[in-house]
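Before any comments, here is the structure.
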Amino acid sequence: MGEEVGQGPSANHLETRDGRRQKCDGQPEVRSFHRFLSRHVRGNVGQETAIYLTNIVLGTILAALMTHYWLRQGKSRTMRYWMLSAWVMTAADVFFAARPDLPYWIGRLLPTLLVTVGQAGLFLGAQKTADRPRQGALMLAVIAMHAVGLTLFIRYAPASSLRMVFNGVIWCGLSLASAWNFRHARPMFWNSPVAPASAFLLHGMFHAVRVLLAVFFGSLDLSGAIDTLQIVGDLEVSFFMVALFVSLLIAHLQLRNEELNSAHAELETLSGLLPICAWCKKVRGDDGYWQQVEDYFASRSQIEFTHGMCADCFKAQKEQKPGGPGPGSA
């Protein structure tokens, strides 16, 4: 995301990429340097803004699709996690794009933290899909820890490349944890290269590589390379959101189709003529063997039988055995 862009709180100073603030004192060479650096910064900001606007358009379309499917599926709780996460991550890009016009602290804290909130929602959605216990308290702790860390960076080291490392570690961990949760879900969520688990896995691996490169470039003081990492990270968000939410829709459609096929097969099994013995009531199967009616249906459907005694049979048994037990006797 766009978490590393510098933004100076004062209009009388120019803050460079490495965090140094230079004052324009009216000297010709300083004014010339100021104009050159301002054009350079504006060019980078314009490029990042264009990427954010692209992400906003894609995110809005995907979030609208998830909302439509959520409504069509009767507002299921599982789809609610995906739908809300899509809107939160789109809102994060809105704040990233508007950051030059936001107050310094809000612009540096809120957009990045919204990404973590969206990732936490995706993690809970993966747990819900896999029917695993939701760890909402853990996600709140992760969000709080990230907020504290970002606040410390803004206060004491606003230009440090370690901020990118800190964000990347959190987002990598959430993505890999979501992929692991999907391994406990139905096969369509993880057994394909285009499954949601694959999207999370690739996203987590991307952040892991990005963290390592950020540490390496930061140790060599290669600010230009770190800026390139920033742009690549912004572009990767677009691919991740498209891959994830499209794969989620495909997986849910496959799950729905599997349920319909199962119901259709069960309906075919229970339809047609059923050969049954007129005396013992056993049923003849396709293999020619006779089975108890309970065994026949249990092997071909999800029907489960419970046994009791109707009033007529109870009366007949009582008449045959006058001294037999009554309905309330032990």
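Please note that chains go A, B, ... in the order of the structure tokens, that every chain numbers its residues from 1, and that ligands are numbered from 1 in the order shown.
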> Which residues come within 12 Å of Gly121 in chain A, counting only C-alpha atoms, excluding same-chain residues fewer than 4 positions away, as a PyMOL selection string?
Replying inline: chain A and resi 77-89+114-117+125-128+134-136+138-140+142-143+174-175+178
> If you count only C-alpha atoms, which residues fall within 9 Å of Leu53 in chain A, apart from same-chain ones fewer than 6 positions away, as a list in words?
Replying inline: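 So the residues in contact are Asp93, Val94 and Ala97 of chain A.
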> So which one's closest to Ser161 in chain A, A:Lys75, A:Arg183, A:Lys281, A:Arg210? Using only C-alpha atoms, please.
Replying inline: A:Arg210
Give me the residues near Ser198 in chain A as an mmCIF file with N, CA and C atoms, in the first residue's frame, where near means some atom within 9 Å (using only C-alpha atoms) and where sequence neighbours in that chain fewer than 5 positions away do not count.
data_model
loop_
_atom_site.group_PDB
_atom_site.id
_atom_site.type_symbol
_atom_site.label_atom_id
_atom_site.label_comp_id
_atom_site.auth_asym_id
_atom_site.auth_seq_id
_atom_site.Cartn_x
_atom_site.Cartn_y
_atom_site.Cartn_z
ATOM 1 N N ALA A 179 -4.845 -18.426 4.213
ATOM 2 C CA ALA A 179 -4.635 -19.563 3.320
ATOM 3 C C ALA A 179 -4.662 -20.875 4.099
ATOM 4 N N PHE A 189 -12.174 -24.576 -2.278
ATOM 5 C CA PHE A 189 -11.560 -23.363 -1.741
ATOM 6 C C PHE A 189 -10.039 -23.438 -1.672
ATOM 7 N N TRP A 190 -9.450 -24.621 -1.992
ATOM 8 C CA TRP A 190 -7.993 -24.705 -1.851
ATOM 9 C C TRP A 190 -7.300 -25.637 -2.847
ATOM 10 N N ASN A 191 -8.023 -26.498 -3.556
ATOM 11 C CA ASN A 191 -7.342 -27.528 -4.347
ATOM 12 C C ASN A 191 -7.110 -27.131 -5.796
ATOM 13 N N SER A 192 -7.104 -25.845 -6.091
ATOM 14 C CA SER A 192 -6.912 -25.383 -7.463
ATOM 15 C C SER A 192 -5.976 -24.172 -7.464
ATOM 16 N N PRO A 193 -5.193 -23.995 -8.547
ATOM 17 C CA PRO A 193 -4.326 -22.801 -8.637
ATOM 18 C C PRO A 193 -5.105 -21.498 -8.622
ATOM 19 N N HIS A 203 -0.272 -13.773 -2.176
ATOM 20 C CA HIS A 203 -0.234 -12.444 -1.556
ATOM 21 C C HIS A 203 0.715 -12.434 -0.359
ATOM 22 N N LEU A 244 -8.618 -12.652 -5.628
ATOM 23 C CA LEU A 244 -9.273 -13.190 -4.439
ATOM 24 C C LEU A 244 -10.788 -13.214 -4.581
#
>> DSSP on the backbone, helix (DSSP H, G or I) only: what residues of range 52-161 of chain A does that give? Format it as a count of residues only.
In response: 92
> If you measure from CA of Arg99 in chain A to CA of Pro111 in chain A, what distance in Å do you get, rounded to one decimal?
Replying inline: 8.3 Å
> Which residue out of A:Glu236, A:Ile106, A:Ala98, A:Met241 has the minimum interatomic distance to His207 in chain A when only C-alpha atoms are used?
Replying inline: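 The answer is A:Glu236, which sits nearest to His207 in chain A.
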> Got a sec: who's within 9 Å of range 213-223 of chain A, counting only C-alpha atoms, leaving out chain neighbours fewer than 5 positions off, as an MDAnalysis selection string?
Replying inline: chainID A and resid 17:18 160:162 164:165 208 228:229
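Distances here use only C-alpha atoms; by that measure, the residue among A:Val169, A:Val148, A:Ala185, A:Met205 closest to Asp131 in chain A is A:Ala185.
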> Could you work out how far CA of Ala137 in chain A lies from CA of Tyr69 in chain A, giving the answer in Å with one decimal?
Replying inline: 27.8 Å
